[in-house]
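Structure first, commentary second.
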Amino acid sequence: MLVLGFESSCDETGVALYDTEKGLLAHALHSQVEMHAAYGGVVPELASRDHIRRVLPLTQRVLTQANKTLADIDGVAYTQGPGLAGALLVGASIAQSLAFTLQVPSIGVHHLEGHLLAPLLEENPPNFPFVALLVSGGHSQLMRVDGIGQYQLLGDTLDDAAGEAFDKTAKLLGLGYPGGPALAKLAALGKPRYKLPRPMLNSGDLNFSFSGLKTAVLTLVNQQSAHQKLDDESKTLDTTTQADIAWEFQESVTEILTNKCMAALRETGLDNLIVSGGVGANLRLRERLNAATKRKMCRVSYPRLEFCTDNGAMIAFAGAMRLKALQNQPLATNYGVQIKARWDLAELKAP
Ligand code: KG4
Ligand code: ZN
C-alpha cells in the first residue's frame, strides 16, 4: 500500500511517500525558519501562506524521487491536528482534494502520534510495548505504548514543555529563534561554573516542571549582567558566560529527562525506550540516555536527527499503519476538510 503523507501543522511543510511493503520511498521538507526568524517566532498567517506555496512542488518532488505518479497512490494521510488552524487547513485541503480526486481512502493523523511512531521508521525498530518520551516544543510526556493508538500517559509537564524551556532560555540569553538548537550549540562550548536547580527530580512521580528553571536562568542572567555592568538592555553577556549558563541549563534538563525515563522503565517493568520530538535531537540527552539504558540492560531508540523535528515521513508512516489496519473494513471515507487545532492524544483509539 503506497501512502502519500502531508505535514503542515506549524512552520515546516513536509511531504513523504511510504510503502507498507518497501518502507519510506521519498520525503521532502521545506522549513520556514528563516522566514519567521525576523519576527522572533512563528507568525501563523505567514506560515499558512508559505505552506500553500510549498506543498505542490514538494509533492511533485517526492513523486519524481520515488519514480511514481499520482495514479500509484493507494491512500493519503495528513496532519489533522493539533497545530495552527490555518496551517493545518492547507495540508488537510490538499490531502482531501487529492484523495477525493483519486478516489482513495484518506486519514487525518494526530501530529504527536506521528512523532511517537517516528523511531519505527528506522532499521531494526523496537517492538511494542515500550516507554516513549515525547519532548517537543509543545509537549513533554512519558507514555506507555502497547500498539498503534494504545497510549497510556505516565507523566506530563505541569507547565512549560522541554522544547519551550529551551526556546525561552535561549531568548533570555539573547540567542535567536529557533532557540533550542542554538542553545545546544552554545552549551557544547560551556563548562561547569554555575549551579541551576533540578525541578521535580525527586518528586516521586513521572511529571515535569520547567518554568522554575527558566526563572532561575533569568535570575542568573540578571546577576551576571549586573556584575558585568550591562545596564543597557541591548547588550548581552559575553560568550563564555552565555555558554556556561547554557551548559548548566542543558545539564539540568537532560538529567531530569533521563532520570524520569529510567523511573518510567522501572515502574512499567519494560526494557525498551523510544525518544521522539524536537528535543530528541539534543545530543547531550542522547548521550545520557544511552549511558543510563546501557547500565540497566535496556534499549533506547531514536528517529534519525532530521525526523526528530516536524516532517512528512512520520505522518505518511502513522497514516499508513492506520490505513493498513483498516484495509479489510468497509471504509466510509469522509472527504470533508476538518481540522483539530486542539486534540488530546488520549482521545486516540487503536484502529
Ligand atoms: O517536534 P518539534 O519540531 O515541534 C513541535 O511539534 O513542537 O520540536 C521543536 C522543538 C523546539 O522547541 C526546538 O527548540 C526544540 O524542539 N529542539 C531542540 C533541539 N532541536 C530542536 N531542543 C534542544 N536541543 C536540540 N538540539
Ligand atoms: Zn512536532
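Letters A, B, ... mark the chains of the C-alpha cells in the order given; residue numbers begin at 1 per chain; ligand numbers begin at 1, in order shown.
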
I'd like the contact shell of segment 172-178 of chain A - 8 Å cut-off, only C-alpha atoms, skipping same-chain residues fewer than 6 positions apart - returned as an mmCIF file with N, CA, C and O atoms, in the first residue's frame.
```cif
data_model
loop_
_atom_site.group_PDB
_atom_site.id
_atom_site.type_symbol
_atom_site.label_atom_id
_atom_site.label_comp_id
_atom_site.auth_asym_id
_atom_site.auth_seq_id
_atom_site.Cartn_x
_atom_site.Cartn_y
_atom_site.Cartn_z
ATOM 1 N N VAL A 33 11.886 28.396 8.891
ATOM 2 C CA VAL A 33 12.634 29.020 9.987
ATOM 3 C C VAL A 33 13.190 30.392 9.618
ATOM 4 O O VAL A 33 13.020 31.368 10.351
ATOM 5 N N ALA A 37 12.292 33.946 11.432
ATOM 6 C CA ALA A 37 13.382 34.404 12.319
ATOM 7 C C ALA A 37 13.328 35.917 12.519
ATOM 8 O O ALA A 37 13.569 36.418 13.623
ATOM 9 N N GLY A 40 11.140 36.681 15.397
ATOM 10 C CA GLY A 40 11.450 36.059 16.688
ATOM 11 C C GLY A 40 10.528 34.917 17.061
ATOM 12 O O GLY A 40 10.517 34.462 18.199
ATOM 13 N N GLY A 41 9.732 34.446 16.131
ATOM 14 C CA GLY A 41 8.820 33.320 16.400
ATOM 15 C C GLY A 41 7.904 33.114 15.204
ATOM 16 O O GLY A 41 7.947 33.899 14.239
ATOM 17 N N VAL A 217 17.217 30.777 35.522
ATOM 18 C CA VAL A 217 18.142 31.287 34.491
ATOM 19 C C VAL A 217 18.028 32.805 34.424
ATOM 20 O O VAL A 217 19.044 33.514 34.362
ATOM 21 N N LEU A 218 16.804 33.316 34.486
ATOM 22 C CA LEU A 218 16.585 34.770 34.422
ATOM 23 C C LEU A 218 17.326 35.472 35.566
ATOM 24 O O LEU A 218 18.020 36.474 35.357
ATOM 25 N N VAL A 221 21.023 35.353 34.824
ATOM 26 C CA VAL A 221 21.382 36.298 33.752
ATOM 27 C C VAL A 221 21.401 37.720 34.304
ATOM 28 O O VAL A 221 22.335 38.492 34.038
ATOM 29 N N THR A 236 24.386 42.074 25.515
ATOM 30 C CA THR A 236 24.243 40.713 26.046
ATOM 31 C C THR A 236 25.517 40.317 26.775
ATOM 32 O O THR A 236 26.560 40.961 26.628
ATOM 33 N N LEU A 237 25.404 39.253 27.527
ATOM 34 C CA LEU A 237 26.551 38.746 28.288
ATOM 35 C C LEU A 237 27.647 38.293 27.335
ATOM 36 O O LEU A 237 27.384 37.966 26.178
ATOM 37 N N GLN A 242 27.578 33.196 28.639
ATOM 38 C CA GLN A 242 26.392 32.629 27.975
ATOM 39 C C GLN A 242 26.536 31.117 27.829
ATOM 40 O O GLN A 242 25.614 30.359 28.135
#
```

If DSSP is run on the backbone, what residues of segment 103-172 of chain A are strand (DSSP E)? A reply as a count of residues only would be ideal. 25

Identify, counting only C-alpha atoms and all ligand atoms, the protein, DNA and RNA residues located within 9 Å of ligand 1, and give them as a ChimeraX atom specification. /A:9-12,82-83,111-112,115,134-139,161-168,170,177-185,250,276-285,305,307-311

Best match for closeness to ligand 2 among A:Asp19, A:Glu306, A:Asp205, A:Glu123, counting only C-alpha atoms and all ligand atoms: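 The shortest atom-to-atom distance to ligand 2 comes from A:Glu306.
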
Select, from A:Leu323, A:Leu158, A:Val337, A:Leu63, the residue with the minimum atom-to-atom distance to Gln141 of chain A, counting only C-alpha atoms.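 Selected residue with least distance to Gln141 of chain A: A:Leu158.
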
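Residues with any atom within 8 Å of Arg288 of chain A, counting only C-alpha atoms and excluding same-chain neighbours fewer than 3 positions away, are A:Thr254, A:Glu255, A:Thr258, A:Arg284, A:Leu285, A:Ala291, A:Ala292.
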
Return the single residue from A:Arg198, A:Lys22, A:Lys68, A:Arg342 that is closest to Asn259 of chain A, with distances computed using only C-alpha atoms.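 When distances to Asn259 of chain A are compared using only C-alpha atoms, the smallest one comes from A:Arg198.
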
Which polymer residues have any atom within 10 Å of an atom of Arg54 of chain A, counting only C-alpha atoms, with same-chain residues fewer than 5 positions away left out, as a short mmCIF file (atom, residue, chain, number, x, y, z; two decimals) with N, CA, C and O atoms, in the first residue's frame?
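That gives us part20.cif:
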```
data_model
loop_
_atom_site.label_atom_id
_atom_site.label_comp_id
_atom_site.auth_asym_id
_atom_site.auth_seq_id
_atom_site.Cartn_x
_atom_site.Cartn_y
_atom_site.Cartn_z
N GLU A 12 6.83 23.92 9.23
CA GLU A 12 7.52 23.06 8.28
C GLU A 12 6.50 22.40 7.35
O GLU A 12 5.50 21.86 7.81
N THR A 13 6.76 22.47 6.04
CA THR A 13 5.91 21.74 5.10
C THR A 13 6.65 20.45 4.78
O THR A 13 7.78 20.50 4.29
N GLY A 14 6.03 19.32 5.08
CA GLY A 14 6.68 18.03 4.82
C GLY A 14 5.77 17.15 3.98
O GLY A 14 4.56 17.09 4.20
N VAL A 15 6.36 16.47 3.00
CA VAL A 15 5.60 15.54 2.17
C VAL A 15 6.44 14.27 2.06
O VAL A 15 7.67 14.34 1.97
N LEU A 29 11.12 18.31 2.51
CA LEU A 29 10.75 19.23 3.59
C LEU A 29 11.13 20.65 3.21
O LEU A 29 12.18 20.88 2.63
N HIS A 30 10.23 21.58 3.55
CA HIS A 30 10.65 22.98 3.48
C HIS A 30 10.45 23.59 4.85
O HIS A 30 9.35 23.61 5.39
N SER A 31 11.54 24.13 5.43
CA SER A 31 11.45 24.77 6.74
C SER A 31 11.28 26.27 6.55
O SER A 31 11.97 26.89 5.75
N ARG A 49 0.37 30.84 4.47
CA ARG A 49 0.61 31.23 3.06
C ARG A 49 1.80 30.49 2.48
O ARG A 49 1.80 30.12 1.32
N THR A 59 5.32 17.91 -3.31
CA THR A 59 4.63 16.67 -3.70
C THR A 59 5.22 16.15 -5.01
O THR A 59 5.52 14.96 -5.16
#
```
